[in-house]
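Structure data (mmCIF, C-alpha atoms) from model_2.cif:
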data_input
loop_
_atom_site.label_atom_id
_atom_site.label_comp_id
_atom_site.auth_asym_id
_atom_site.auth_seq_id
_atom_site.Cartn_x
_atom_site.Cartn_y
_atom_site.Cartn_z
CA MET C 1 -42.72 -44.57 -62.40
CA ALA C 2 -44.12 -46.68 -59.65
CA ILE C 3 -44.69 -46.86 -55.94
CA TYR C 4 -43.76 -50.27 -54.59
CA SER C 5 -44.59 -50.25 -50.92
CA PHE C 6 -45.65 -48.25 -47.91
CA PHE C 7 -44.52 -48.75 -44.30
CA ILE C 8 -45.42 -47.09 -41.01
CA PHE C 9 -43.13 -47.56 -38.01
CA ASP C 10 -44.14 -46.46 -34.52
CA ARG C 11 -41.84 -44.91 -31.96
CA HIS C 12 -40.91 -48.29 -30.53
CA CYS C 13 -39.38 -49.34 -33.84
CA ASN C 14 -42.25 -51.68 -34.68
CA CYS C 15 -43.63 -51.85 -38.16
CA ILE C 16 -47.30 -51.23 -37.53
CA TYR C 17 -48.44 -51.05 -41.13
CA ASN C 18 -47.03 -52.56 -44.26
CA ARG C 19 -48.61 -52.38 -47.69
CA GLU C 20 -46.99 -53.83 -50.77
CA PHE C 21 -48.29 -53.08 -54.22
CA THR C 22 -48.05 -55.45 -57.12
CA HIS C 23 -47.85 -53.78 -60.49
CA LEU C 24 -48.60 -56.78 -62.63
CA ASP C 25 -52.32 -56.25 -63.00
CA HIS C 26 -53.20 -52.82 -64.35
CA THR C 27 -56.47 -53.74 -66.00
CA ASN C 28 -58.76 -54.41 -63.07
CA GLY C 29 -59.15 -51.68 -60.55
CA THR C 30 -58.98 -53.81 -57.44
CA SER C 31 -56.06 -53.37 -55.16
CA VAL C 32 -53.43 -56.00 -55.64
CA GLY C 33 -50.59 -56.71 -53.29
CA GLN C 34 -50.32 -57.54 -49.65
CA VAL C 35 -51.38 -55.82 -46.45
CA ASN C 36 -49.51 -56.40 -43.19
CA ARG C 37 -47.75 -59.51 -44.42
CA ASN C 38 -44.15 -58.57 -43.80
CA ASN C 39 -44.26 -56.48 -40.65
CA ASP C 40 -41.76 -58.65 -38.83
CA SER C 41 -39.74 -59.68 -41.83
CA ASN C 42 -36.06 -58.95 -42.22
CA THR C 43 -36.86 -56.43 -44.93
CA SER C 44 -38.73 -54.13 -42.61
CA LYS C 45 -36.12 -54.54 -39.90
CA LEU C 46 -33.25 -53.75 -42.24
CA LEU C 47 -35.18 -50.80 -43.61
CA PHE C 48 -35.72 -49.46 -40.15
CA GLY C 49 -32.05 -49.90 -39.33
CA ILE C 50 -30.98 -47.95 -42.38
CA LEU C 51 -33.47 -45.18 -41.65
CA TYR C 52 -32.29 -44.88 -38.10
CA SER C 53 -28.60 -44.69 -39.03
CA LEU C 54 -29.10 -42.20 -41.82
CA LYS C 55 -31.27 -40.03 -39.63
CA THR C 56 -28.50 -39.87 -37.05
CA ILE C 57 -25.95 -39.00 -39.71
CA SER C 58 -28.03 -36.23 -41.22
CA SER C 59 -28.71 -34.60 -37.88
CA LYS C 60 -25.06 -34.88 -36.90
CA LEU C 61 -23.59 -33.31 -40.01
CA ILE C 62 -25.62 -30.12 -39.90
CA ASP C 63 -27.19 -28.80 -36.76
CA SER C 64 -30.15 -26.52 -36.76
CA GLU C 65 -28.70 -23.46 -35.09
CA GLU C 66 -27.63 -21.84 -38.33
CA SER C 67 -30.94 -22.32 -40.06
CA GLU C 68 -33.67 -21.48 -37.63
CA SER C 69 -36.57 -22.10 -39.95
CA ILE C 70 -35.95 -25.83 -39.97
CA ILE C 71 -36.33 -27.69 -36.72
CA SER C 72 -33.72 -30.26 -37.57
CA ASN C 73 -32.10 -31.37 -40.75
CA ALA C 74 -34.65 -33.93 -41.81
CA LEU C 75 -33.84 -36.90 -43.96
CA LYS C 76 -36.03 -36.77 -47.05
CA SER C 77 -35.06 -39.72 -49.17
CA PHE C 78 -32.27 -42.05 -50.14
CA THR C 79 -31.52 -44.27 -53.08
CA ILE C 80 -30.55 -47.92 -53.04
CA GLY C 81 -29.85 -49.39 -56.44
CA ASN C 82 -33.02 -48.88 -58.43
CA TYR C 83 -35.19 -47.92 -55.50
CA ARG C 84 -35.73 -44.61 -53.79
CA ILE C 85 -37.02 -44.60 -50.25
CA HIS C 86 -38.97 -41.56 -49.11
CA TYR C 87 -39.21 -40.78 -45.47
CA LEU C 88 -41.24 -38.52 -43.20
CA GLU C 89 -41.22 -38.48 -39.44
CA SER C 90 -44.03 -36.94 -37.44
CA LEU C 91 -43.46 -35.07 -34.19
CA THR C 92 -44.74 -38.15 -32.37
CA ARG C 93 -41.89 -40.05 -34.02
CA LEU C 94 -44.11 -42.08 -36.26
CA LYS C 95 -42.12 -42.89 -39.37
CA PHE C 96 -43.83 -42.95 -42.75
CA VAL C 97 -41.92 -44.66 -45.51
CA LEU C 98 -42.69 -45.05 -49.21
CA VAL C 99 -40.57 -47.13 -51.55
CA SER C 100 -40.63 -46.04 -55.19
CA ASP C 101 -38.41 -46.29 -58.24
CA ASN C 102 -35.78 -43.62 -58.63
CA ASP C 103 -37.56 -41.44 -61.18
CA ILE C 104 -39.71 -39.92 -58.46
CA ASP C 105 -37.81 -37.12 -56.73
CA ASN C 106 -39.93 -36.16 -53.84
CA LEU C 107 -42.90 -37.71 -52.09
CA GLN C 108 -42.87 -35.50 -49.00
CA THR C 109 -46.23 -34.06 -50.01
CA VAL C 110 -47.77 -37.49 -50.38
CA LEU C 111 -46.32 -38.68 -47.08
CA TRP C 112 -47.60 -35.59 -45.33
CA GLU C 113 -51.03 -36.15 -46.83
CA LEU C 114 -51.01 -39.78 -45.69
CA TYR C 115 -50.15 -38.69 -42.18
CA SER C 116 -52.11 -35.48 -41.75
CA ASN C 117 -55.24 -36.62 -43.48
CA TYR C 118 -55.64 -40.37 -43.58
CA PHE C 119 -53.70 -41.46 -40.52
CA ILE C 120 -55.01 -38.71 -38.24
CA ARG C 121 -58.61 -39.18 -39.28
CA ASN C 122 -58.76 -42.96 -39.34
CA VAL C 123 -56.32 -44.03 -36.67
CA VAL C 124 -55.61 -41.19 -34.25
CA GLN C 125 -59.16 -39.88 -34.07
CA ASN C 126 -60.58 -43.36 -34.00
CA SER C 127 -61.41 -44.09 -30.39
CA LEU C 128 -61.39 -47.83 -31.00
CA SER C 129 -57.81 -47.91 -32.16
CA PRO C 130 -55.08 -48.30 -29.53
CA VAL C 131 -52.61 -45.57 -28.72
CA GLU C 132 -49.66 -47.93 -28.67
CA PHE C 133 -49.92 -50.75 -31.12
CA LYS C 134 -47.63 -53.18 -29.38
CA GLN C 135 -48.16 -53.12 -25.64
CA SER C 136 -45.99 -56.06 -24.76
CA ASP C 137 -43.30 -58.12 -26.35
CA ASP C 138 -45.08 -61.43 -26.00
CA ILE C 139 -47.63 -60.85 -28.71
CA LYS C 140 -47.42 -63.88 -30.92
CA GLU C 141 -46.67 -63.72 -34.58
CA ASN C 142 -49.61 -63.17 -36.94
CA GLU C 143 -51.66 -61.76 -34.10
CA THR C 144 -53.68 -58.80 -35.24
CA SER C 145 -53.34 -56.37 -32.37
CA GLY C 146 -49.87 -55.09 -33.22
CA LYS C 147 -50.86 -53.73 -36.60
CA ILE C 148 -53.21 -51.26 -38.18
CA ASN C 149 -56.07 -53.38 -39.42
CA ASN C 150 -58.55 -50.56 -39.77
CA SER C 151 -60.25 -51.23 -43.09
CA ASN C 152 -61.15 -47.56 -43.60
CA PHE C 153 -57.53 -46.58 -43.31
CA ILE C 154 -56.37 -49.36 -45.61
CA ASN C 155 -58.98 -48.61 -48.27
CA GLU C 156 -58.59 -44.85 -48.21
CA THR C 157 -54.80 -44.86 -48.37
CA ASP C 158 -54.95 -47.45 -51.14
CA ASP C 159 -57.36 -45.27 -53.10
CA PHE C 160 -55.24 -42.20 -52.52
CA LEU C 161 -51.97 -43.82 -53.56
CA GLN C 162 -53.49 -45.54 -56.55
CA SER C 163 -55.09 -42.33 -57.77
CA LEU C 164 -51.70 -40.64 -58.00
CA PRO C 165 -50.54 -40.15 -61.58
CA PHE C 166 -47.19 -41.79 -60.99
CA PHE C 167 -48.44 -44.82 -59.09
CA MET U 1 -24.12 -28.04 -56.84
CA LYS U 2 -21.58 -26.97 -54.28
CA VAL U 3 -19.32 -29.64 -52.79
CA TYR U 4 -19.09 -29.43 -49.01
CA SER U 5 -16.93 -32.41 -48.10
CA ILE U 6 -15.09 -35.35 -49.56
CA TYR U 7 -14.46 -38.57 -47.66
CA ILE U 8 -12.58 -41.65 -48.77
CA LEU U 9 -13.19 -44.98 -47.04
CA ASN U 10 -11.00 -48.03 -47.37
CA LYS U 11 -12.55 -51.40 -48.03
CA ALA U 12 -12.95 -52.16 -44.32
CA GLY U 13 -14.92 -48.97 -43.71
CA GLY U 14 -12.11 -46.96 -42.16
CA LEU U 15 -11.85 -43.29 -42.97
CA ILE U 16 -8.59 -42.70 -44.84
CA TYR U 17 -9.20 -39.22 -46.19
CA GLN U 18 -11.44 -36.39 -45.10
CA ASN U 19 -11.50 -32.90 -46.57
CA ASP U 20 -14.02 -30.15 -45.93
CA VAL U 21 -13.48 -28.24 -49.14
CA ASN U 22 -16.28 -25.75 -48.58
CA ALA U 23 -17.85 -24.63 -45.34
CA GLY U 24 -21.41 -25.78 -44.77
CA LEU U 25 -21.21 -28.81 -42.53
CA ASN U 26 -20.56 -29.08 -38.82
CA LYS U 27 -17.04 -29.64 -37.62
CA LEU U 28 -16.99 -32.95 -35.82
CA SER U 29 -14.33 -34.53 -33.68
CA ALA U 30 -11.94 -36.98 -35.32
CA ASN U 31 -13.66 -39.82 -33.52
CA ASP U 32 -17.08 -38.75 -34.80
CA TYR U 33 -15.81 -38.78 -38.37
CA LEU U 34 -14.63 -42.35 -37.91
CA VAL U 35 -18.02 -43.33 -36.49
CA LEU U 36 -19.72 -41.59 -39.40
CA ALA U 37 -17.59 -43.46 -41.92
CA GLY U 38 -18.25 -46.75 -40.19
CA THR U 39 -21.98 -46.12 -40.11
CA LEU U 40 -22.09 -45.29 -43.81
CA HIS U 41 -20.07 -48.41 -44.57
CA GLY U 42 -22.53 -50.48 -42.54
CA VAL U 43 -25.59 -48.89 -44.13
CA HIS U 44 -24.10 -49.52 -47.55
CA ALA U 45 -23.66 -53.19 -46.73
CA ILE U 46 -27.19 -53.49 -45.31
CA SER U 47 -28.63 -51.76 -48.38
CA ALA U 48 -27.05 -54.32 -50.64
CA ARG U 49 -28.81 -57.02 -48.62
CA LEU U 50 -32.12 -55.20 -48.65
CA ASN U 51 -32.21 -54.29 -52.30
CA PRO U 52 -33.40 -57.47 -54.00
CA THR U 53 -35.84 -58.31 -51.25
CA ILE U 54 -37.88 -55.12 -51.33
CA ASN U 55 -41.29 -56.11 -52.59
CA GLY U 56 -40.06 -59.66 -53.00
CA LYS U 57 -38.79 -58.88 -56.48
CA ASP U 58 -35.39 -59.81 -57.76
CA THR U 59 -34.75 -56.97 -60.15
CA THR U 60 -31.04 -56.47 -59.77
CA SER U 61 -30.34 -59.61 -61.81
CA GLU U 62 -27.02 -59.88 -60.07
CA ALA U 63 -25.27 -57.15 -61.97
CA ASN U 64 -23.37 -56.83 -58.77
CA ALA U 65 -22.33 -60.45 -58.52
CA SER U 66 -19.10 -60.29 -60.41
CA PRO U 67 -18.05 -57.11 -62.11
CA ASN U 68 -14.99 -59.00 -63.19
CA ALA U 69 -17.03 -61.12 -65.57
CA GLN U 70 -17.51 -58.06 -67.70
CA ILE U 71 -13.80 -57.41 -67.84
CA LEU U 72 -13.12 -60.96 -68.96
CA THR U 73 -15.58 -60.81 -71.84
CA THR U 74 -15.02 -57.29 -73.10
CA GLY U 75 -11.43 -56.76 -72.08
CA ARG U 76 -12.24 -53.58 -70.21
CA PHE U 77 -14.48 -52.41 -67.46
CA GLN U 78 -17.21 -50.12 -68.70
CA ASP U 79 -18.15 -48.10 -65.67
CA SER U 80 -15.74 -47.29 -62.90
CA ASN U 81 -18.58 -47.04 -60.42
CA GLY U 82 -19.00 -50.53 -59.00
CA ASN U 83 -21.83 -49.40 -56.76
CA ARG U 84 -24.84 -51.26 -58.18
CA SER U 85 -27.12 -52.36 -55.40
CA GLY U 86 -25.74 -50.45 -52.43
CA LEU U 87 -26.57 -47.02 -51.14
CA HIS U 88 -26.33 -44.44 -53.94
CA SER U 89 -27.40 -41.18 -52.43
CA ILE U 90 -29.07 -39.52 -49.48
CA GLU U 91 -31.17 -36.40 -49.74
CA THR U 92 -31.91 -34.24 -46.73
CA ASP U 93 -33.14 -30.69 -46.31
CA LEU U 94 -29.67 -29.23 -46.13
CA PHE U 95 -27.33 -31.53 -48.00
CA ASN U 96 -27.09 -34.39 -50.46
CA LEU U 97 -24.63 -37.22 -50.03
CA TYR U 98 -23.38 -39.46 -52.83
CA VAL U 99 -21.51 -42.75 -52.67
CA PHE U 100 -19.13 -44.12 -55.29
CA GLN U 101 -17.46 -47.48 -54.96
CA SER U 102 -14.45 -48.56 -56.95
CA LEU U 103 -13.90 -52.15 -58.05
CA THR U 104 -11.42 -52.63 -55.23
CA GLY U 105 -13.96 -51.59 -52.63
CA ILE U 106 -12.70 -48.09 -51.94
CA LYS U 107 -15.67 -45.79 -51.27
CA PHE U 108 -15.64 -42.14 -52.24
CA ILE U 109 -18.26 -40.06 -50.49
CA VAL U 110 -19.14 -36.54 -51.54
CA ILE U 111 -21.49 -34.26 -49.63
CA THR U 112 -22.99 -31.41 -51.64
CA SER U 113 -25.59 -28.72 -51.31
CA PRO U 114 -29.16 -29.96 -51.92
CA ASN U 115 -30.86 -29.77 -55.30
CA PRO U 116 -32.82 -26.49 -55.35
CA VAL U 117 -35.47 -27.75 -57.75
CA VAL U 118 -36.77 -30.48 -55.47
CA TYR U 119 -39.35 -28.84 -53.29
CA ASN U 120 -40.63 -29.65 -49.86
CA ILE U 121 -43.98 -30.16 -48.19
CA GLN U 122 -46.92 -28.52 -49.91
CA THR U 123 -50.60 -29.06 -49.45
CA VAL U 124 -52.23 -31.30 -51.99
CA LYS U 125 -54.68 -29.27 -54.01
CA LYS U 126 -54.96 -31.34 -57.11
CA ARG U 127 -53.60 -34.83 -57.27
CA GLU U 128 -52.36 -34.30 -60.81
CA ASP U 129 -49.77 -31.68 -59.86
CA VAL U 130 -48.29 -33.46 -56.88
CA ILE U 131 -45.02 -34.03 -58.69
CA ALA U 132 -43.43 -30.97 -60.20
CA SER U 133 -40.02 -32.42 -60.81
CA LYS U 134 -38.96 -35.85 -61.89
CA GLY U 135 -35.53 -37.11 -62.64
CA GLU U 136 -33.92 -34.06 -61.05
CA LEU U 137 -32.24 -36.20 -58.44
CA ASN U 138 -31.00 -38.58 -61.10
CA LYS U 139 -29.47 -35.59 -62.88
CA SER U 140 -27.62 -34.46 -59.79
CA TYR U 141 -26.50 -38.06 -59.25
CA GLU U 142 -24.99 -37.99 -62.73
CA GLU U 143 -23.36 -34.68 -61.93
CA ALA U 144 -21.87 -36.13 -58.76
CA ASN U 145 -20.65 -39.11 -60.76
CA GLY U 146 -18.68 -36.69 -62.92
CA VAL U 147 -16.94 -35.39 -59.82
CA PHE U 148 -16.29 -38.97 -58.68
CA LYS U 149 -14.65 -39.97 -61.94
CA GLN U 150 -12.23 -37.04 -61.78
CA LEU U 151 -11.60 -37.73 -58.12
CA TYR U 152 -10.86 -41.37 -58.90
CA VAL U 153 -8.35 -40.31 -61.55
CA ILE U 154 -6.62 -38.00 -59.09
CA TYR U 155 -6.64 -40.75 -56.47
CA SER U 156 -5.06 -43.23 -58.90
CA ASP U 157 -2.44 -40.75 -60.02
CA TYR U 158 -1.39 -39.14 -56.77
CA VAL U 159 -2.16 -41.73 -54.11
CA MET U 160 -1.79 -45.13 -55.73
CA LYS U 161 1.34 -44.12 -57.62
CA ASP U 162 2.91 -42.63 -54.51
CA PRO U 163 5.69 -45.07 -53.56
CA PHE U 164 5.51 -44.04 -49.92
CA TYR U 165 1.80 -44.72 -49.57
CA SER U 166 0.81 -47.94 -47.85
CA LEU U 167 -2.52 -49.44 -48.78
CA ASP U 168 -5.59 -48.78 -46.60
CA MET U 169 -3.72 -46.22 -44.52
CA PRO U 170 -4.71 -42.55 -44.13
CA ILE U 171 -3.81 -40.40 -47.13
CA LYS U 172 -1.41 -37.64 -46.17
CA SER U 173 -0.28 -36.42 -49.56
CA HIS U 174 -0.03 -32.66 -50.07
CA LEU U 175 -0.06 -33.16 -53.80
CA PHE U 176 -3.37 -35.03 -53.58
CA ASP U 177 -4.78 -32.32 -51.33
CA ALA U 178 -3.80 -29.65 -53.82
CA LYS U 179 -5.28 -31.54 -56.76
CA VAL U 180 -8.56 -32.10 -54.91
CA LYS U 181 -8.76 -28.40 -54.16
CA GLU U 182 -8.08 -27.67 -57.81
CA LEU U 183 -10.83 -30.07 -58.90
CA ILE U 184 -13.45 -28.55 -56.64
CA SER U 185 -12.74 -24.88 -57.33
#

Since I need it in another form, could you write the structure as structure tokens?
Amino acid sequence: MAIYSFFIFDRHCNCIYNREFTHLDHTNGTSVGQVNRNNDSNTSKLLFGILYSLKTISSKLIDSEESESIISNALKSFTIGNYRIHYLESLTRLKFVLVSDNDIDNLQTVLWELYSNYFIRNVVQNSLSPVEFKQSDDIKENETSGKINNSNFINETDDFLQSLPFF
Amino acid sequence: MKVYSIYILNKAGGLIYQNDVNAGLNKLSANDYLVLAGTLHGVHAISARLNPTINGKDTTSEANASPNAQILTTGRFQDSNGNRSGLHSIETDLFNLYVFQSLTGIKFIVITSPNPVVYNIQTVKKREDVIASKGELNKSYEEANGVFKQLYVIYSDYVMKDPFYSLDMPIKSHLFDAKVKELIS
């Protein structure tokens, strides 16, 4: 069982955080992988497109009137080949996405923890971090302002994810 | 696992059969069903593109490249499900959706009730017991595959062997309808 990567998309469809884990090196404890390398890559764009379409489908097929306890029929996960993609959307329409292998059934708890604990504390309550990550379209590639570069957030989420038994 | 609906898509993504065998889903307009089918077809195609590039790893080893190669070497095709790298399943709070693709590109889509074992949001008390279930979704995928195989047999027998059926056109066979109903109940 393994977690491969972690994405955050904001409500303007931008990938504001992207963390990829490499599982080659288990012996040393340092985090391996890449942070914020592929935010504008085709992978993250395709992933967002799939999420968006599936979300529309799931809300269309069952509406919430019958089941009042659930606000809307939320997409939880989907499987592509050998990968399972877990999805959580906050009320502010921030999308949290974890890619894992398909032995892991449900990471809603983990996603909620990432949002409610780490994201809220380190990004939302951080007065130095911007409210909207991409203010304009003409931010050049590899510029830092469109992404979460908060080292506390990166380190704490890394520690949290890597401490999970199925990482 | 209770089956809500069965859809069949032709290889171009058009909806050729739609049957709500059990109540549970919204009734949509005919146009909405076509849009739905088209969207799923598109997502399936995008997924196949996305799959090897996630994490920059090429793990699929092109099992998808030519399923025919297997037929040539072994004389028969092992698994009727040709869906290797595309979208397999979707899990939401209120339903699960499974996709099966035949060698000829026909997609069978089944929407079922969600797996009751897979729980929802809980607060993390101890990191060790975050995951209570593993492999449950794979089990229900296998279960859905059983339904697909039987459905494929019925499709071959009562649609493909129907002399009045023209390929890629909507299926309007009462016999097929009856057999699907029989399979589900």

Return the neighbours of chain C among the residues of chain U, cut-off 6 Å, counting all atoms listed in the file, as a PyMOL selection string.
chain U and resi 25-26+43+84-93+121-122+134-135+137

Ground truth for the PyMOL selection byres ((chain C and resi 40) around 12), written as a short mmCIF file (atom, residue, chain, number, x, y, z; two decimals) with C-alpha atoms, in the coordinates of the input:
data_model
loop_
_atom_site.label_atom_id
_atom_site.label_comp_id
_atom_site.auth_asym_id
_atom_site.auth_seq_id
_atom_site.Cartn_x
_atom_site.Cartn_y
_atom_site.Cartn_z
CA PHE C 7 -44.52 -48.75 -44.30
CA PHE C 9 -43.13 -47.56 -38.01
CA CYS C 13 -39.38 -49.34 -33.84
CA ASN C 14 -42.25 -51.68 -34.68
CA CYS C 15 -43.63 -51.85 -38.16
CA ILE C 16 -47.30 -51.23 -37.53
CA TYR C 17 -48.44 -51.05 -41.13
CA ASN C 18 -47.03 -52.56 -44.26
CA ASN C 36 -49.51 -56.40 -43.19
CA ARG C 37 -47.75 -59.51 -44.42
CA ASN C 38 -44.15 -58.57 -43.80
CA ASN C 39 -44.26 -56.48 -40.65
CA SER C 41 -39.74 -59.68 -41.83
CA ASN C 42 -36.06 -58.95 -42.22
CA THR C 43 -36.86 -56.43 -44.93
CA SER C 44 -38.73 -54.13 -42.61
CA LYS C 45 -36.12 -54.54 -39.90
CA LEU C 46 -33.25 -53.75 -42.24
CA LEU C 47 -35.18 -50.80 -43.61
CA PHE C 48 -35.72 -49.46 -40.15
CA ILE C 139 -47.63 -60.85 -28.71
CA LYS C 140 -47.42 -63.88 -30.92
CA GLU C 141 -46.67 -63.72 -34.58
CA ASN C 142 -49.61 -63.17 -36.94
CA GLU C 143 -51.66 -61.76 -34.10
CA GLY C 146 -49.87 -55.09 -33.22
CA LYS C 147 -50.86 -53.73 -36.60
#

Residue neighbourhood Val124 in chain C, 12 Å, all atoms listed in the file, exclusion window fewer than 3 positions, as a ChimeraX atom specification:
/C:92,94,115-121,127-133,148,150,153

Once the PyMOL selection byres ((chain U and resi 109) around 9) has been evaluated on this model, what residues remain selected, and can you format them as a PyMOL selection string?
chain U and resi 5-9+97-101+107-108+110-111+148

In terms of all atoms listed in the file, the residue from U:Gly105, U:Lys27, U:Tyr141, U:Phe95 at minimal distance from His44 in chain U is U:Gly105

Write out as a count of residues only each polymer residue whose atoms come within 7 Å of range 168-178 of chain U, counting all atoms listed in the file; drop sequence neighbours fewer than 3 positions from it.
7

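Going from CA of Leu98 in chain C to CA of Gly146 in chain U covers 28.9 Å.
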
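If you measure from each of U:Tyr155, U:Lys11, U:Gln150, U:Ala48 to Ile184 in chain U using only C-alpha atoms, the closest one turns out to be U:Gln150.
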
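You can rank U:Leu34, U:Leu94, U:Val3, U:Ala45 by their closest distance to Val147 in chain U using all atoms listed in the file, and at the top of that list sits U:Val3.
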
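Closest approach to Asn155 in chain C from the set C:Asp10, C:Val35, C:Leu91, C:Asp101 is made by C:Val35, with distances taken over only C-alpha atoms.
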
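Put simply, CA of Asn122 in chain C is 10.0 Å away from CA of Thr157 in chain C.
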
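Taking CA of Gln162 in chain C and CA of Arg93 in chain C as endpoints, the distance between them is 25.9 Å.
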